[in-house]
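For reference, run-v5.cif is printed below; it contains mmCIF, C-alpha atoms.
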data_target
loop_
_atom_site.label_atom_id
_atom_site.label_comp_id
_atom_site.auth_asym_id
_atom_site.auth_seq_id
_atom_site.Cartn_x
_atom_site.Cartn_y
_atom_site.Cartn_z
CA GLU Q 1 -4.74 9.84 16.52
CA ALA Q 2 -5.19 10.66 12.83
CA VAL Q 3 -8.22 12.73 11.86
CA LEU Q 4 -9.46 13.13 8.28
CA SER Q 5 -9.26 16.78 7.33
CA GLY Q 6 -9.67 16.68 3.54
CA GLY Q 7 -9.32 14.73 0.36
CA GLU Q 8 -8.67 15.11 -3.34
CA ASP Q 9 -10.47 12.87 -5.82
CA VAL Q 10 -7.97 11.43 -8.30
CA SER Q 11 -10.09 8.49 -9.50
CA SER Q 12 -10.47 10.06 -12.94
CA TRP Q 13 -6.82 9.51 -13.81
CA ALA Q 14 -7.60 7.52 -16.97
CA HIS Q 15 -4.00 6.40 -17.52
CA SER Q 16 -4.20 4.41 -14.27
CA ALA Q 17 -7.74 3.07 -14.77
CA ALA Q 18 -6.96 1.29 -18.06
CA ALA Q 19 -3.84 -0.37 -16.64
CA PHE Q 20 -5.76 -1.42 -13.51
CA ASP Q 21 -8.56 -3.00 -15.56
CA ALA Q 22 -6.01 -4.95 -17.63
CA ALA Q 23 -4.21 -6.18 -14.49
CA LEU Q 24 -7.52 -7.25 -12.96
CA ALA Q 25 -8.55 -9.15 -16.09
CA ALA Q 26 -5.18 -10.94 -16.18
CA MET Q 27 -5.78 -12.30 -12.66
CA LYS Q 28 -8.71 -14.47 -13.74
CA PRO Q 29 -7.52 -18.07 -13.79
CA ASP Q 30 -7.88 -19.99 -17.06
CA ASP Q 31 -9.79 -22.73 -15.26
CA ALA Q 32 -12.10 -20.41 -13.29
CA PRO Q 33 -15.26 -22.26 -12.20
CA GLU Q 34 -18.70 -21.10 -13.30
CA GLY Q 35 -19.85 -18.28 -11.06
CA TYR Q 36 -16.28 -17.06 -10.41
CA SER Q 37 -16.72 -13.54 -9.04
CA GLY Q 38 -13.25 -12.30 -9.89
CA PRO Q 39 -10.10 -11.57 -7.97
CA GLN Q 40 -10.14 -10.02 -4.51
CA VAL Q 41 -10.17 -6.21 -4.62
CA ALA Q 42 -9.86 -3.90 -1.60
CA ARG Q 43 -9.63 -0.21 -0.81
CA LEU Q 44 -6.42 0.29 1.14
CA PHE Q 45 -4.13 3.12 2.24
CA CYS Q 46 -0.56 3.65 1.09
CA GLY Q 47 2.07 6.06 2.40
CA VAL Q 48 4.04 7.88 -0.31
CA SER Q 49 6.45 10.79 -0.32
CA PRO Q 50 5.41 14.37 -1.14
CA ASP Q 51 7.48 14.11 -4.36
CA VAL Q 52 5.39 11.15 -5.54
CA LEU Q 53 2.14 13.00 -4.79
CA LYS Q 54 3.40 16.00 -6.77
CA ALA Q 55 4.26 13.78 -9.75
CA LEU Q 56 0.87 12.05 -9.61
CA ARG Q 57 -0.93 15.39 -9.52
CA GLY Q 58 1.11 16.36 -12.57
CA GLY Q 59 -0.41 13.47 -14.51
CA ARG Q 60 2.25 10.77 -14.20
CA ALA Q 61 1.05 7.22 -13.53
CA LEU Q 62 1.97 5.48 -10.28
CA ARG Q 63 5.20 3.53 -10.75
CA PHE Q 64 6.57 0.59 -8.83
CA GLU Q 65 9.66 2.51 -7.75
CA ASP Q 66 7.48 5.30 -6.29
CA ILE Q 67 6.73 3.15 -3.29
CA ALA Q 68 9.16 0.22 -3.37
CA ARG Q 69 12.29 2.16 -2.51
CA ASP Q 70 15.43 0.17 -1.71
CA ASP Q 71 16.76 2.91 0.56
CA SER Q 72 13.70 3.07 2.80
CA GLY Q 73 14.77 0.20 5.05
CA VAL Q 74 11.15 -0.80 5.65
CA ASN Q 75 10.52 -3.33 2.88
CA ALA Q 76 10.91 -6.34 5.16
CA PHE Q 77 8.72 -8.65 3.07
CA GLY Q 78 10.06 -7.66 -0.33
CA LYS Q 79 10.43 -4.87 -2.81
CA GLY Q 80 6.73 -4.39 -3.34
CA LEU Q 81 3.94 -1.90 -2.81
CA TYR Q 82 2.72 -1.95 0.81
CA PHE Q 83 -0.88 -1.20 1.82
CA SER Q 84 -2.77 -1.02 5.10
CA ARG Q 85 -6.39 -0.91 6.19
CA PHE Q 86 -5.39 1.94 8.52
CA ALA Q 87 -4.67 5.45 7.21
CA SER Q 88 -2.79 6.14 10.43
CA ARG Q 89 -0.48 3.20 9.71
CA ALA Q 90 0.25 4.41 6.16
CA LEU Q 91 0.96 7.89 7.52
CA HIS Q 92 4.14 6.57 9.16
CA PHE Q 93 5.65 5.90 5.72
CA THR Q 94 5.06 9.31 4.09
CA GLU Q 95 8.42 10.95 4.85
CA GLY Q 96 6.74 13.50 7.11
CA SER Q 97 3.76 14.38 4.92
CA ASN Q 98 0.20 14.40 6.27
CA GLN Q 99 -1.21 12.87 3.06
CA VAL Q 100 -1.73 9.24 2.06
CA LEU Q 101 -3.20 7.56 -1.00
CA LEU Q 102 -6.45 5.67 -0.78
CA CYS Q 103 -6.22 3.09 -3.54
CA LYS Q 104 -8.29 0.38 -5.11
CA VAL Q 105 -5.96 -2.62 -5.03
CA ALA Q 106 -6.42 -5.81 -7.05
CA LEU Q 107 -5.11 -8.33 -4.54
CA GLY Q 108 -6.05 -11.39 -6.59
CA ASN Q 109 -5.21 -14.60 -4.78
CA VAL Q 110 -3.57 -13.64 -1.50
CA TRP Q 111 -0.72 -15.66 0.05
CA SER Q 112 -0.19 -15.31 3.81
CA GLU Q 113 3.51 -14.91 4.56
CA THR Q 114 5.38 -14.55 7.84
CA ARG Q 115 8.97 -15.01 6.58
CA GLU Q 116 10.76 -11.73 5.98
CA ASP Q 117 12.73 -11.46 2.73
CA PRO Q 118 13.73 -7.89 1.79
CA ALA Q 119 15.10 -9.10 -1.57
CA ARG Q 120 11.78 -10.67 -2.68
CA THR Q 121 10.53 -9.20 -5.96
CA GLU Q 122 7.89 -11.80 -6.89
CA ILE Q 123 5.88 -14.63 -5.39
CA ASN Q 124 4.45 -17.99 -6.43
CA PRO Q 125 2.71 -17.47 -9.80
CA LEU Q 126 -0.57 -18.82 -8.37
CA PHE Q 127 -0.78 -15.73 -6.14
CA GLN Q 128 -0.79 -12.01 -6.87
CA SER Q 129 -0.18 -10.53 -3.43
CA LEU Q 130 1.01 -11.20 0.10
CA MET Q 131 -0.70 -10.60 3.41
CA VAL Q 132 2.00 -10.08 6.02
CA PRO Q 133 1.74 -9.64 9.78
CA GLY Q 134 3.01 -6.09 9.45
CA ARG Q 135 6.33 -4.41 9.77
CA ARG Q 136 7.68 -2.68 12.81
CA LEU Q 137 7.67 1.05 12.31
CA PRO Q 138 10.98 2.46 11.09
CA ALA Q 139 13.31 3.45 13.94
CA GLN Q 140 12.87 7.07 12.93
CA ALA Q 141 9.16 6.95 12.03
CA PRO Q 142 8.19 10.55 11.29
CA ARG Q 143 5.20 10.51 13.64
CA CYS Q 144 6.94 8.99 16.68
CA ARG Q 145 8.90 10.78 19.36
CA PRO Q 146 11.41 8.92 21.56
CA GLY Q 147 9.50 7.20 24.35
CA GLN Q 148 6.10 7.92 22.79
CA ARG Q 149 3.43 5.24 23.28
CA VAL Q 150 2.15 3.90 19.96
CA ASP Q 151 -1.02 1.82 19.71
CA ALA Q 152 -0.35 -1.90 19.16
CA HIS Q 153 -2.37 -2.01 15.92
CA LEU Q 154 0.06 0.51 14.45
CA LEU Q 155 3.11 -1.50 15.47
CA GLU Q 156 2.10 -4.78 13.89
CA ALA Q 157 -1.03 -4.25 11.80
CA SER Q 158 -1.30 -6.67 8.90
CA GLU Q 159 -0.37 -5.26 5.53
CA PHE Q 160 -0.76 -6.31 1.92
CA VAL Q 161 2.13 -6.35 -0.53
CA VAL Q 162 1.68 -6.36 -4.31
CA PHE Q 163 4.45 -6.58 -6.87
CA ASN Q 164 2.57 -5.09 -9.85
CA ALA Q 165 2.01 -1.31 -9.88
CA HIS Q 166 -0.75 -1.76 -12.49
CA ALA Q 167 -2.79 -3.61 -9.86
CA VAL Q 168 -3.17 -0.31 -7.99
CA LEU Q 169 -5.64 2.43 -8.87
CA PRO Q 170 -5.21 5.63 -6.81
CA LEU Q 171 -8.64 6.98 -5.83
CA TYR Q 172 -8.01 9.82 -3.38
CA ILE Q 173 -5.19 11.76 -1.84
CA VAL Q 174 -6.34 11.89 1.78
CA THR Q 175 -5.15 14.65 4.09
CA LEU Q 176 -4.96 13.79 7.79
CA ASP Q 177 -4.32 15.92 10.85
CA TRP Q 178 -2.08 14.11 13.27
CA GLU Q 179 -2.72 14.75 16.95
CA LEU Q 180 0.01 13.60 19.35
#

Please, can you express the file's structure as structure tokens?
Amino acid sequence: EAVLSGGEDVSSWAHSAAAFDAALAAMKPDDAPEGYSGPQVARLFCGVSPDVLKALRGGRALRFEDIARDDSGVNAFGKGLYFSRFASRALHFTEGSNQVLLCKVALGNVWSETREDPARTEINPLFQSLMVPGRRLPAQAPRCRPGQRVDAHLLEASEFVVFNAHAVLPLYIVTLDWEL
């Protein structure tokens, strides 16, 4: 079970906020009906490595390659940025860290996808993100011991995948204590 033990507010990173606002504005369809409320936006968790967190704290903007690593072996639905509603799920993809990012994510129009395609780098231009049934945890997930029981929602919790790093605004670095 993951327990919140602290957090660091990073929402004032202006370099990310301007890019996020531009990405959000670009998602509005040209033929939007009157009363259109804008693209879908959610607060979701993302697992990143300690090196990425260090770079972000140093003032560098979030980059696509920070999360969409070819060598990770967990990008089953494409080379995108993966997000979960569950902090405990994101924690499995942090390379052993106990910190995850809580981000504001401009999901736009969401396409539901069940077909795995690790080489995918974009989707139908009418959509800005994917909702996928969730990936199996990596064989060597940092928070799993051989034979350990893992809750079903962690094994196959739905995730969102975006292919535009500007559609992500980091809000907090969340520190979790992991109790096995």

Report task. Given the file shown, determine the residues that the PyMOL selection byres ((chain Q and resi 78) around 10) selects; report them as a list in words. Result -> Ala68, Asp70, Val74, Asn75, Ala76, Phe77, Lys79, Gly80, Leu81, Tyr82, Glu116, Asp117, Pro118, Ala119, Arg120, Thr121, Glu122, Ile123, Leu130, Val161, Val162 and Phe163 of chain Q

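Contact shell of Phe83 in chain Q at 6 Å (all atoms listed in the file; same-chain neighbours under 6 positions omitted): Q:Leu44, Q:Phe45, Q:Cys46, Q:Glu159, Q:Phe160.
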
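With all atoms listed in the file as the atoms that count, the minimum distance from Val48 in chain Q to the choices Q:Leu126, Q:Cys103, Q:Val132, Q:Ala19 is reached by Q:Cys103.
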
Requested in this report: Select, from Q:Val10, Q:Tyr172, Q:Ala26, Q:Asn109, the residue with the minimum atom-to-atom distance to Asn124 in chain Q, counting only C-alpha atoms.
Outcome: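 That would be Q:Asn109, the residue with the smallest distance to Asn124 in chain Q.
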
Write out as CSV a residue-level contact list of range 63-133 of chain Q versus range 53-56 of chain Q with cut-off 10 Å: for each qualifying residue the closest pair of atoms and the distance in Å to one decimal, counting only C-alpha atoms, rows sorted by chain and residue number upward.
residue,atom,partner,partner_atom,distance
Q:Arg63,CA,Q:Leu56,CA,9.6
Q:Asp66,CA,Q:Leu53,CA,9.5
Q:Ser97,CA,Q:Leu53,CA,9.9
Q:Gln99,CA,Q:Leu53,CA,8.5
Q:Val100,CA,Q:Leu53,CA,8.7
Q:Leu101,CA,Q:Leu53,CA,8.5

Query - Pairwise distance for CA of Ala106 in chain Q and CA of Ala17 in chain Q, rounded to one decimal in Å - result: 11.8 Å

Report task. Would you mind reading off the distance between CA of Ser158 in chain Q and CA of Gly96 in chain Q, one decimal, in Å? Result -> 21.8 Å

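Distance check against Lys28 in chain Q using all atoms listed in the file: of Q:Ser84, Q:Ser49, Q:Gln128, Q:Asn98, the minimum falls on Q:Gln128.
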
Query - Option closest in space to Glu8 in chain Q, from Q:Ala42, Q:Pro125, Q:Phe86, Q:Leu102 [counting all atoms listed in the file] - result: Q:Leu102

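Shortest atom-to-atom contact with Val110 in chain Q among Q:Gln40, Q:Ser129, Q:Phe20, Q:Ala90: Q:Ser129, counting all atoms listed in the file.
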
How big is the axis-aligned box around all listed atoms of range 43-50 of chain Q once 4 Å goes on each side, and where's its centre, in Å to one decimal, as lines of an AutoDock Vina configuration file?
center_x = -1.6
center_y = 7.1
center_z = 0.6
size_x = 24.1
size_y = 22.6
size_z = 11.5
